[in-house]
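Enquirer: Dropping in run.txt, which is compact mmCIF, C-alpha atoms:
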```txt
# COMPACT_ATOMS: atom_id res chain seq x y z
CA MET A 948 66.02 123.89 119.63
CA PRO A 949 64.92 127.54 120.28
CA GLN A 950 61.28 126.40 120.27
CA ARG A 951 62.03 123.63 122.79
CA TYR A 952 63.82 126.02 125.13
CA SER A 953 60.97 128.59 124.80
CA LYS A 954 58.46 125.91 125.70
CA LEU A 955 60.52 124.85 128.68
CA SER A 956 60.79 128.45 129.88
CA TRP A 957 57.04 128.92 129.51
CA VAL A 958 56.28 125.76 131.44
CA ALA A 959 58.64 126.75 134.25
CA SER A 960 57.08 130.22 134.47
CA LEU A 961 53.62 128.71 134.53
CA THR A 962 54.66 126.32 137.28
CA ALA A 963 56.05 129.12 139.42
CA THR A 964 52.90 131.20 138.94
CA THR A 965 50.65 128.29 139.85
CA MET A 966 52.63 127.48 142.97
CA THR A 967 52.44 131.14 144.05
CA MET A 968 48.70 131.19 143.53
CA ALA A 969 48.40 127.96 145.49
CA ALA A 970 50.24 129.51 148.40
CA VAL A 971 48.05 132.63 148.43
CA ALA A 972 44.72 130.93 147.75
CA PRO A 973 44.13 129.40 151.27
CA ALA A 974 44.05 132.85 152.87
CA HIS A 975 41.01 133.87 150.84
CA ALA A 976 39.14 130.61 150.32
CA GLY A 977 36.11 129.67 152.33
CA THR A 978 35.98 126.78 154.77
CA ALA A 979 33.61 124.78 152.63
CA THR A 980 35.70 124.87 149.45
CA GLY A 981 39.20 125.39 150.83
CA ALA A 982 40.24 121.70 150.88
CA ALA A 983 39.01 120.98 147.36
CA THR A 984 40.85 123.97 145.96
CA GLU A 985 44.10 122.87 147.59
CA TRP A 986 43.86 119.31 146.16
CA THR A 987 43.10 120.73 142.69
CA GLN A 988 46.14 122.99 142.85
CA VAL A 989 48.34 120.11 144.01
CA LEU A 990 47.20 117.99 141.09
CA ASN A 991 47.79 120.84 138.68
CA ASN A 992 51.26 121.41 140.10
CA GLY A 993 52.08 117.69 139.75
CA GLU A 994 50.93 117.69 136.15
CA LEU A 995 53.11 120.70 135.39
CA VAL A 996 56.13 119.05 136.99
CA SER A 997 55.48 115.93 134.89
CA LEU A 998 55.33 118.04 131.72
CA VAL A 999 58.61 119.71 132.64
CA GLY A 1000 60.24 116.28 133.15
CA GLN A 1001 58.98 115.01 129.83
CA SER A 1002 60.27 118.11 128.04
CA GLY A 1003 63.70 117.67 129.61
CA GLU A 1004 63.79 114.02 128.57
CA GLN A 1005 62.84 114.95 125.01
CA ILE A 1006 65.61 117.56 124.93
CA GLN A 1007 68.12 114.99 126.18
CA ASN A 1008 67.03 112.52 123.48
CA GLN A 1009 67.40 115.19 120.84
CA LEU A 1010 70.88 116.05 122.09
CA THR A 1011 71.82 112.35 121.89
CA GLN A 1012 70.52 112.14 118.33
CA ILE A 1013 72.49 115.24 117.37
CA SER A 1014 75.66 113.71 118.85
CA GLN A 1015 75.12 110.47 116.94
CA LEU A 1016 74.51 112.41 113.71
CA ALA A 1017 77.75 114.33 114.24
CA GLN A 1018 79.64 111.04 114.67
CA GLN A 1019 78.10 109.68 111.46
CA ILE A 1020 79.09 112.82 109.56
CA GLU A 1021 82.65 112.55 110.89
CA THR A 1022 82.81 108.90 109.81
CA GLN A 1023 81.56 109.77 106.34
CA LEU A 1024 84.17 112.52 106.06
CA ASN A 1025 86.93 110.07 107.02
CA ILE A 1026 85.70 107.59 104.41
CA TYR A 1027 85.65 110.32 101.79
CA GLN A 1028 89.15 111.43 102.77
CA ASN A 1029 90.44 107.86 102.43
CA LEU A 1030 88.72 107.59 99.06
CA LEU A 1031 90.44 110.74 97.83
CA GLN A 1032 93.79 109.51 99.13
CA ASN A 1033 93.47 106.07 97.53
CA THR A 1034 92.44 107.49 94.15
CA ALA A 1035 95.14 110.16 93.99
CA ILE A 1036 97.59 109.72 91.10
CA LEU A 1037 101.34 110.23 91.01
CA PRO A 1038 102.49 113.77 90.24
CA SER A 1039 105.25 112.46 87.95
CA HIS A 1040 106.15 109.22 86.17
CA MET A 1041 109.54 107.54 85.72
CA TRP A 1042 109.66 105.65 82.43
CA GLY A 1043 113.37 105.99 81.66
CA GLN A 1044 114.90 106.05 78.18
CA VAL A 1045 113.66 102.63 77.15
CA GLU A 1046 112.76 103.42 73.56
CA SER A 1047 115.99 105.36 72.99
CA ASP A 1048 118.10 102.53 74.44
CA LEU A 1049 116.44 99.92 72.23
CA ASN A 1050 116.91 102.07 69.14
CA GLN A 1051 120.60 102.47 69.94
CA LEU A 1052 120.89 98.72 70.41
CA ARG A 1053 119.31 98.03 67.03
CA SER A 1054 121.41 100.61 65.23
CA ILE A 1055 124.76 99.66 66.76
CA VAL A 1056 124.56 96.03 65.60
CA ASP A 1057 123.76 97.05 62.03
CA GLN A 1058 127.15 98.42 61.02
CA GLY A 1059 129.63 97.60 58.29
CA GLN A 1060 129.30 94.23 56.60
CA GLY A 1061 128.05 92.54 59.77
CA ILE A 1062 124.88 90.50 60.05
CA ALA A 1063 122.46 91.98 62.60
CA PHE A 1064 119.46 90.41 64.33
CA SER A 1065 117.43 93.47 63.34
CA MET A 1066 117.93 92.82 59.62
CA GLY A 1067 114.78 91.59 57.98
CA ASN A 1068 116.69 89.89 55.16
CA ALA A 1069 119.46 88.25 57.20
CA ASP A 1070 118.83 84.86 55.54
CA ASP A 1071 119.11 86.34 52.07
CA VAL A 1072 122.35 88.10 52.96
CA LEU A 1073 123.85 84.84 54.24
CA GLN A 1074 122.89 83.01 51.06
CA GLN A 1075 124.42 85.73 48.91
CA ARG A 1076 127.73 85.91 50.76
CA PHE A 1077 128.13 82.23 51.58
CA GLN A 1078 127.46 79.92 48.65
CA SER A 1079 126.17 76.42 49.13
CA TYR A 1080 128.07 73.25 48.24
CA SER A 1081 126.05 72.71 45.08
CA ASP A 1082 126.79 76.26 43.90
CA LEU A 1083 130.50 75.80 44.53
CA ARG A 1084 130.59 72.56 42.53
CA THR A 1085 129.08 74.20 39.47
CA ASN A 1086 130.82 77.53 39.82
CA LEU A 1087 134.14 77.09 41.54
CA PRO A 1088 135.75 80.50 42.14
CA SER A 1089 139.03 81.28 40.47
CA ASN A 1090 142.02 82.90 42.12
CA GLN A 1091 140.80 86.47 41.72
CA THR A 1092 137.19 85.61 42.45
CA PHE A 1093 138.11 83.61 45.53
CA SER A 1094 140.18 86.50 46.88
CA THR A 1095 137.17 88.80 46.71
CA THR A 1096 134.88 86.14 48.16
CA TYR A 1097 137.21 85.41 51.05
CA GLN A 1098 137.50 89.12 51.85
CA SER A 1099 133.69 89.32 51.98
CA TRP A 1100 133.60 86.38 54.40
CA SER A 1101 136.26 87.95 56.60
CA ASP A 1102 134.56 91.35 56.69
CA THR A 1103 131.21 89.76 57.51
CA ASN A 1104 132.58 87.81 60.46
CA ARG A 1105 134.72 90.62 61.84
CA ASP A 1106 131.97 93.24 61.61
CA THR A 1107 129.42 90.87 63.13
CA ILE A 1108 131.68 90.10 66.08
CA ALA A 1109 132.53 93.78 66.54
CA SER A 1110 128.87 94.87 66.51
CA THR A 1111 127.98 92.16 69.03
CA LEU A 1112 130.67 93.38 71.41
CA LYS A 1113 129.52 96.98 70.92
CA ALA A 1114 125.98 95.97 71.82
CA ALA A 1115 127.20 94.30 75.02
CA SER A 1116 129.24 97.39 75.87
CA LEU A 1117 126.25 99.64 75.22
CA THR A 1118 123.99 97.75 77.63
CA ALA A 1119 126.75 97.90 80.25
CA ASP A 1120 127.00 101.68 79.82
CA GLN A 1121 123.24 101.96 80.35
CA PHE A 1122 123.44 100.45 83.83
CA ASP A 1123 123.97 103.84 85.49
CA SER A 1124 120.90 105.48 83.99
CA GLU A 1125 118.80 102.38 84.65
CA GLU A 1126 119.88 102.29 88.28
CA THR A 1127 118.94 105.96 88.64
CA THR A 1128 115.48 105.19 87.29
CA MET A 1129 115.04 102.18 89.58
CA SER A 1130 116.24 104.19 92.59
CA SER A 1131 113.58 106.80 91.91
CA LEU A 1132 110.93 104.11 91.55
CA ARG A 1133 111.97 102.49 94.83
CA SER A 1134 111.71 105.86 96.58
CA MET A 1135 108.25 106.45 95.10
CA SER A 1136 107.17 102.97 96.18
CA GLU A 1137 108.28 103.58 99.77
CA THR A 1138 106.46 106.92 99.99
CA ALA A 1139 103.23 105.94 98.21
CA ASP A 1140 100.33 107.00 100.48
CA GLY A 1141 97.44 105.57 98.47
CA GLN A 1142 96.40 102.48 96.58
CA MET A 1143 96.37 104.21 93.19
CA LYS A 1144 99.89 105.57 93.64
CA ALA A 1145 101.17 102.17 94.74
CA LEU A 1146 99.58 100.54 91.69
CA GLN A 1147 101.09 103.12 89.36
CA VAL A 1148 104.57 102.62 90.83
CA GLY A 1149 104.18 98.86 90.43
CA HIS A 1150 103.15 99.37 86.82
CA GLN A 1151 106.23 101.47 86.11
CA ILE A 1152 108.51 98.86 87.73
CA ALA A 1153 106.88 96.17 85.56
CA THR A 1154 107.52 98.34 82.50
CA GLN A 1155 111.20 98.58 83.42
CA GLN A 1156 111.34 94.78 83.72
CA VAL A 1157 109.86 94.41 80.25
CA ALA A 1158 112.48 96.85 78.91
CA GLN A 1159 115.26 94.79 80.49
CA MET A 1160 113.87 91.65 78.90
CA GLN A 1161 113.80 93.37 75.51
CA LYS A 1162 117.44 94.38 75.84
CA LEU A 1163 118.36 90.87 76.91
CA ARG A 1164 116.50 89.45 73.92
CA GLY A 1165 118.45 91.79 71.67
CA LEU A 1166 121.79 90.63 73.07
CA VAL A 1167 120.85 86.95 72.85
CA SER A 1168 119.58 87.40 69.29
CA GLN A 1169 122.77 89.15 68.23
CA GLN A 1170 124.87 86.44 69.87
CA MET A 1171 122.93 83.78 67.98
CA THR A 1172 123.39 85.78 64.76
CA MET A 1173 127.13 85.98 65.35
CA MET A 1174 127.39 82.25 66.03
CA GLY A 1175 125.28 81.45 62.97
CA THR A 1176 127.46 83.66 60.75
CA TRP A 1177 130.64 82.05 62.04
CA LEU A 1178 129.29 78.54 61.57
CA GLN A 1179 128.11 79.44 58.07
CA THR A 1180 131.63 80.61 57.23
CA GLU A 1181 133.15 77.40 58.53
CA GLN A 1182 130.72 75.28 56.56
CA THR A 1183 131.27 77.22 53.34
CA ASP A 1184 135.04 76.92 53.76
CA LYS A 1185 134.68 73.13 54.11
CA ASP A 1186 132.37 72.99 51.09
CA LEU A 1187 134.88 74.95 49.02
CA ALA A 1188 137.74 72.64 49.99
CA GLN A 1189 135.64 69.58 49.13
CA ALA A 1190 134.65 71.05 45.76
CA ARG A 1191 138.31 71.69 44.95
CA ARG A 1192 139.32 68.16 45.88
CA GLU A 1193 136.61 66.74 43.68
CA LYS A 1194 137.72 68.91 40.77
CA PHE A 1195 141.31 67.84 41.24
CA PHE A 1196 140.62 64.12 41.38
CA ASN A 1197 138.05 64.22 38.59
CA ALA A 1198 140.25 66.19 36.26
CA GLU A 1199 140.93 64.69 32.87
CA VAL A 1200 144.40 63.05 32.56
CA LYS A 1201 146.06 63.66 29.20
CA SER A 1202 148.03 60.78 27.73
CA ILE A 1203 151.66 61.11 26.53
CA PRO A 1204 151.96 60.94 22.70
CA GLU A 1205 153.75 57.86 21.37
CA GLY A 1206 157.26 58.18 19.88
CA GLN A 1207 158.28 61.04 22.01
CA LYS A 1208 161.53 60.36 23.76
CA MET A 1209 162.11 61.20 27.33
CA GLU A 1210 165.43 62.88 27.18
CA PRO A 1211 166.87 66.06 28.62
CA ARG A 1212 167.03 69.04 26.43
CA TRP A 1213 169.42 71.89 26.76
```
Rewrite the structure from the file as structure tokens, please.
Expert:
Amino acid sequence: MPQRYSKLSWVASLTATTMTMAAVAPAHAGTATGAATEWTQVLNNGELVSLVGQSGEQIQNQLTQISQLAQQIETQLNIYQNLLQNTAILPSHMWGQVESDLNQLRSIVDQGQGIAFSMGNADDVLQQRFQSYSDLRTNLPSNQTFSTTYQSWSDTNRDTIASTLKAASLTADQFDSEETTMSSLRSMSETADGQMKALQVGHQIATQQVAQMQKLRGLVSQQMTMMGTWLQTEQTDKDLAQARREKFFNAEVKSIPEGQKMEPRW
């Protein structure tokens, strides 16, 4: 740009000098060559004016190019700014106490003599505490044995029902903390100013949904465990009654010895 303006200044100075010389020249020129000199000066002046016009047009084109380049740079800066905004991550994450809640749920159902869904050997425990019909036929419990067995059945059912109710109460108590977490996530979702932040909030909400499903699975599993334990108790009680009836009716009947009189004795 400084070179272009220097050239323009030089051309303008040269034009002014030439026009001044053209104005002075006729006073000193001869009659024979005066007309030719004037036409030559006019042509030279016209050529200089043409050069000045071309230089101005070139400067205008360069100014237009500079303006277009500035617009392109501004557009690129806006794109880069949007890229930074869309790739920005959340300053904090809201995961809640999911793992702690699930651990409490697993531990609270495994209390006393109850059967819990988290027990790996729940089937073995049921078989040990509730004998099958074939076992009762071959090994019918006596009075003392049956008392202990019945107490084990009662404790198993009562503790299983109690732990199931505790689990339901625990999940109800966790509603407040879960609502606080979801409220924070909703606020973060409403104020997310970039694609990455919005995706991260959506991921955290999906994680909370998975946690709720896990808690629901725990409650349903414990409810099924409680129902299975109760039904097992009912079936074992029926099997025990049937085994006793069979023993009674199949008992050996002793005959009365002959010659013994049936008479009262005092």
Enquirer: Find the residue from A:Ala1158, A:Met1066, A:Leu1083, A:Met1143 that sits nearest to Ala1188 in chain A; use only C-alpha atoms when measuring.
Expert: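 Ranked by minimum distance to Ala1188 in chain A, first place goes to A:Leu1083.
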Enquirer: Could you check the closest approach to Leu1073 in chain A for each of A:Gly1165, A:Phe1195, A:Thr1085, A:Thr1103 and tell me which residue wins, using only C-alpha atoms?
Expert: A:Thr1103
Enquirer: What does the structure give for the distance between CA of Thr1180 in chain A and CA of Phe1077 in chain A, in Å to one decimal?
Expert: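 CA of Thr1180 in chain A sits 6.8 Å away from CA of Phe1077 in chain A.
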Enquirer: Just to confirm, what's the straight-line distance from CA of Ala1114 in chain A to CA of Arg1053 in chain A in Å (one decimal)?
Expert: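 For CA of Ala1114 in chain A relative to CA of Arg1053 in chain A, the distance reads 8.5 Å.
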Enquirer: At a cut-off of 10 Å, using all atoms listed in the file, what residues contact Ser1065 in chain A? Leave out same-chain residues fewer than 3 positions from it and give the result as number ranges by chain.
Expert: A: 1052-1054, 1056-1057, 1062, 1068-1069, 1165, 1168-1169, 1172
Enquirer: Calculate how many Å separate CA of Asp1102 in chain A from CA of Met1173 in chain A, rounding to one decimal.
Expert: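 Between CA of Asp1102 in chain A and CA of Met1173 in chain A the gap is 12.6 Å.
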Enquirer: Do you know which residues are at most 9 Å from range 1159-1162 of chain A counting all atoms listed in the file, after dropping those on the same chain fewer than 6 positions away, and could you put them as a ChimeraX atom specification?
Expert: /A:1045,1048-1049,1052,1118
Enquirer: So which residues touch Glu1181 in chain A within 10 Å, counting all atoms listed in the file, skipping near sequence neighbours fewer than 5 positions away, as a list in words?
Expert: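 The contact residues come out as Phe1077, Trp1100, Gly1175, Thr1176, Asp1186 and Leu1187 of chain A.
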